[in-house]
Structures are given as C-alpha cells and as structure tokens.
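Novice: One structure, pasted below without further comment.
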Amino acid sequence: MARFQLNKGDRFSLNKSEGLEKIQVDLNWKSGADLDASAFLVGADGMINDDADFVFYNSQKRANPETGEFEPFNKAAHGNKKAWMAATVPVSADGSVLGSADDLGDDDEGDEAGETMHVDLTKVGPKVQEIVFCVTIYHGDKDGVTFGAVREPSITITNEETGEELCSYNLKEKFSTETAVEAAKLVVNDEGEWEFEALGEGHDGGMQTLIDIYA
C-alpha cells in the first residue's frame, strides 16, 4: 500500500525519497470499456514542444519495452507497421516517458484493468515543466460510454528501483458525461524539484479535447 493517500489538489514531493530517479505510474480502473492512458509533456506555456511529447497508444515514436531504447520501424526486422506497433511502446521525444501497451479492457464483467507508464526523471528535457497523465475512453463519444460507468479509478506512483509505492490517488469525483480525465501530473516546483499533484479533472470530447488543450 502506498505511504500517502492523496486527495484532489494535494501534492507529494518526489524528493522525499532520496536518490529517486525512475518511477512507475499505474493507472487502474474497473470497467468493461476500452480505456487508454496517455501523457503530455508540456513546457512553461502549457503546450507540448514536439508531437512525440503526446505519449499515447498510437504514437509513431516507439521504444523497446524492455530496454526503453528508441526502436524505429524496420521492415526487415518487423515485417509491417502493425507488428512494429505491437512489439514496441510509445515514448516521448526525450526518451523520459515510456507509455503502456494498450489494455483493451473489453471484458463483459468489468474486472480490474489498467495501464502502466514509466518515467526516468533524469532524462526529462529542460523545457518540460509538467507531465500530465490522462485516461480517455476509446470512441466514448461515438459509443455513448462515459466515465460515469468507470469504477474505482486510481493512479499510483512507485519507486521503480525499490518497488516501494510512494503515493496514490483514488479519484472519488462523480463523473457523468466525461470521456476524458486528467488524473494527475508531475510538476516542477519553484525550487526546481518534481512534485506529484492529484488532479481529477474531467472533460467531454475525449482525447481530442486534451489535444486541443495541450497541443
């Protein structure tokens, strides 16, 4: 269990764990819908600096999930782009954020599902001031599925090198028509240190709304 349970608006300083460099970000939920985790790496102006700083399941900048190294498409090695996408994970332009393989979460029982992202704080580019973690419902607006049907959404931060859960935020907000949620973010404070902030902000319009905000 995480050492600190956060409420909306709370912050947790990652520097409380001495030597913390790599963190694991787990976004979990219970739903029969297809939910997708994503991240936006934004600068001081609140916008991404590169298309690859929107890290999501269909990102064209990819990495080996085991090593985190960039892995561009190679026809001889991968055969076709579908196989390449399946064998790799999305990665940010600076290589600091590895996205998740897509968890379709399309079971009828609505069992627990989720996606995991990885952040290497030593690789984050100097222009990045925030890393915003989001969850969207795939084709939610088209299919009429909203976060009103999603149960027990949460986000947990873990020290990847020790396995210690540092903090967790269980989103208790009452979502209804929303199809996109900004769950939490990493933000650089006035001292230049990273903090984790619980957000819990819902939006209509799905992933496109988030793109309009940050890109």
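Order determines the names: the first chain of the structure tokens is A, the second B, and so forth; residues in each chain are numbered 1 upward, and ligands are numbered 1 upward as they are shown.
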Give one line per residue of segment 13-37 of chain A that approaches segment 154-167 of chain A to at most 8 Å, naming the two atoms of the closest pair and their distance in Å to one decimal, counting only C-alpha atoms; sort by chain then ascending residue number and deliver it as a tab-separated table.
Specialist:
residue	atom	partner	partner_atom	distance
A:Leu20	CA	A:Asn159	CA	6.9
A:Lys22	CA	A:Glu160	CA	5.5
A:Ile23	CA	A:Asn159	CA	4.8
A:Gln24	CA	A:Thr158	CA	5.0
A:Val25	CA	A:Ile157	CA	4.9
A:Asp26	CA	A:Thr156	CA	5.2
A:Leu27	CA	A:Ile155	CA	4.5
A:Asn28	CA	A:Ser154	CA	5.3
A:Trp29	CA	A:Ser154	CA	6.4
Novice: Write out as an MDAnalysis selection string the set of residues from segment 176-205 of chain A that DSSP, computed on the backbone, places in strand (DSSP E or B).
Specialist: chainID A and resid 180:188 194:203
Novice: Which segment 27-85 of chain A residues have any atom within 6 Å of an atom of segment 91-96 of chain A, and for each, what is the nearest pair of atoms with distance in Å to one decimal, counting only C-alpha atoms, rows sorted by chain and number, as JSON lines?
Specialist:
{"residue": "A:Ala52", "atom": "CA", "partner": "A:Ala93", "partner_atom": "CA", "distance": 5.0}
{"residue": "A:Asp53", "atom": "CA", "partner": "A:Ser92", "partner_atom": "CA", "distance": 4.9}
{"residue": "A:Val55", "atom": "CA", "partner": "A:Ser92", "partner_atom": "CA", "distance": 5.8}
{"residue": "A:Lys61", "atom": "CA", "partner": "A:Val91", "partner_atom": "CA", "distance": 5.9}
{"residue": "A:Arg62", "atom": "CA", "partner": "A:Val91", "partner_atom": "CA", "distance": 5.3}
{"residue": "A:Ala63", "atom": "CA", "partner": "A:Val91", "partner_atom": "CA", "distance": 6.0}
Novice: Please, could you write that set of residues out with N, CA, C and O atoms as a compact mmCIF listing (two decimals), in the first residue's frame?
Specialist:
# COMPACT_ATOMS: atom_id res chain seq x y z
N ALA A 52 5.88 14.14 -30.41
CA ALA A 52 6.15 12.93 -29.63
C ALA A 52 5.98 13.16 -28.13
O ALA A 52 6.00 12.21 -27.35
N ASP A 53 5.81 14.42 -27.72
CA ASP A 53 5.57 14.69 -26.29
C ASP A 53 4.10 14.49 -25.91
O ASP A 53 3.71 14.76 -24.77
N VAL A 55 2.30 11.26 -25.53
CA VAL A 55 2.62 9.84 -25.50
C VAL A 55 1.32 9.05 -25.35
O VAL A 55 0.68 9.08 -24.30
N LYS A 61 6.54 7.54 -32.42
CA LYS A 61 7.87 7.38 -31.84
C LYS A 61 7.75 6.24 -30.83
O LYS A 61 6.97 6.33 -29.87
N ARG A 62 8.51 5.17 -31.04
CA ARG A 62 8.35 3.94 -30.27
C ARG A 62 9.67 3.50 -29.65
O ARG A 62 10.75 3.91 -30.08
N ALA A 63 9.55 2.66 -28.63
CA ALA A 63 10.74 2.15 -27.95
C ALA A 63 10.57 0.68 -27.61
O ALA A 63 9.45 0.16 -27.52
Novice: Considering only C-alpha atoms, can you say which of A:Asn189, A:Ser38, A:Thr146, A:Gln60 comes closest to Ser176 of chain A?
Specialist: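 For Ser176 of chain A, the nearest of the given residues is A:Thr146.
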Novice: Which residues of segment 67-150 of chain A come within 8 Å of segment 41-44 of chain A, and what is each one's closest atom pair and distance in Å (one decimal), counting only C-alpha atoms, sorted by chain and residue number, as CSV?
Specialist:
residue,atom,partner,partner_atom,distance
A:Ser92,CA,A:Leu41,CA,7.8
A:Lys127,CA,A:Gly43,CA,5.4
A:Val128,CA,A:Gly43,CA,4.6
A:Gln129,CA,A:Gly43,CA,5.0
A:Glu130,CA,A:Val42,CA,5.4
A:Ile131,CA,A:Leu41,CA,4.5
A:Val132,CA,A:Leu41,CA,6.6
Novice: Which residue out of A:Asp50, A:Asp212, A:Asp143, A:Glu66 has the minimum interatomic distance to Ser100 of chain A when only C-alpha atoms are used?
Specialist: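 Among A:Asp50, A:Asp212, A:Asp143, A:Glu66, it is A:Glu66 that comes nearest to Ser100 of chain A.
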Novice: Can you measure atom CA of Lys30 of chain A to atom CA of Pro153 of chain A for me? One decimal in Å is fine.
Specialist: 7.0 Å
Novice: Point out the residue among A:Glu69, A:Glu201, A:Glu115, A:Asp45 with the least atom-to-atom distance to Tyr57 of chain A, counting only C-alpha atoms.
Specialist: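 Using only C-alpha atoms, Tyr57 of chain A sits closest to A:Glu115.
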Novice: May I ask for the distance between atom CA of Thr209 of chain A and atom CA of Phe40 of chain A, given in Å to one decimal place?
Specialist: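 Atom CA of Thr209 of chain A sits 12.7 Å away from atom CA of Phe40 of chain A.
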Novice: Applying 8 Å and only C-alpha atoms, which residues near Met47 of chain A remain after dropping the ones on its own chain fewer than 6 positions away? List them as a list of chain:residue names.
Specialist: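 Answer for this query is A:Leu41, A:Ile213, A:Tyr214, A:Ala215.
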Novice: Please produce a file of those selected residues containing all heavy atoms, as a CSV table (one decimal), in the first residue's frame.
Specialist:
chain,number,residue,atom,x,y,z
A,41,LEU,N,3.8,16.0,-22.2
A,41,LEU,CA,5.0,16.6,-21.6
A,41,LEU,C,4.9,18.1,-22.1
A,41,LEU,O,5.1,18.3,-23.3
A,41,LEU,CB,6.3,16.0,-22.0
A,41,LEU,CG,6.6,14.6,-21.4
A,41,LEU,CD1,5.8,13.5,-22.0
A,41,LEU,CD2,8.1,14.3,-21.6
A,213,ILE,N,-6.2,21.2,-25.7
A,213,ILE,CA,-5.7,21.9,-24.5
A,213,ILE,C,-4.1,22.0,-24.6
A,213,ILE,O,-3.6,23.1,-24.4
A,213,ILE,CB,-6.1,21.2,-23.2
A,213,ILE,CG1,-7.6,21.3,-23.0
A,213,ILE,CG2,-5.3,21.8,-22.0
A,213,ILE,CD1,-8.1,20.5,-21.8
A,214,TYR,N,-3.5,20.9,-24.9
A,214,TYR,CA,-2.0,20.8,-24.8
A,214,TYR,C,-1.2,20.9,-26.1
A,214,TYR,O,0.0,21.1,-26.0
A,214,TYR,CB,-1.7,19.6,-24.0
A,214,TYR,CG,-2.1,19.6,-22.6
A,214,TYR,CD1,-3.1,18.7,-22.2
A,214,TYR,CD2,-1.6,20.5,-21.7
A,214,TYR,CE1,-3.5,18.7,-20.9
A,214,TYR,CE2,-2.0,20.5,-20.4
A,214,TYR,CZ,-3.0,19.6,-20.0
A,214,TYR,OH,-3.4,19.6,-18.7
A,215,ALA,N,-1.9,20.8,-27.2
A,215,ALA,CA,-1.2,20.8,-28.5
A,215,ALA,C,-1.6,21.9,-29.4
A,215,ALA,O,-1.0,22.1,-30.4
A,215,ALA,CB,-1.3,19.4,-29.2
Novice: Hey, which of A:Ser13, A:Ala180, A:Lys123, A:Lys82 ends up closest to Ile211 of chain A? Count only C-alpha atoms.
Specialist: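 So, comparing all the options, the nearest one is A:Ala180.
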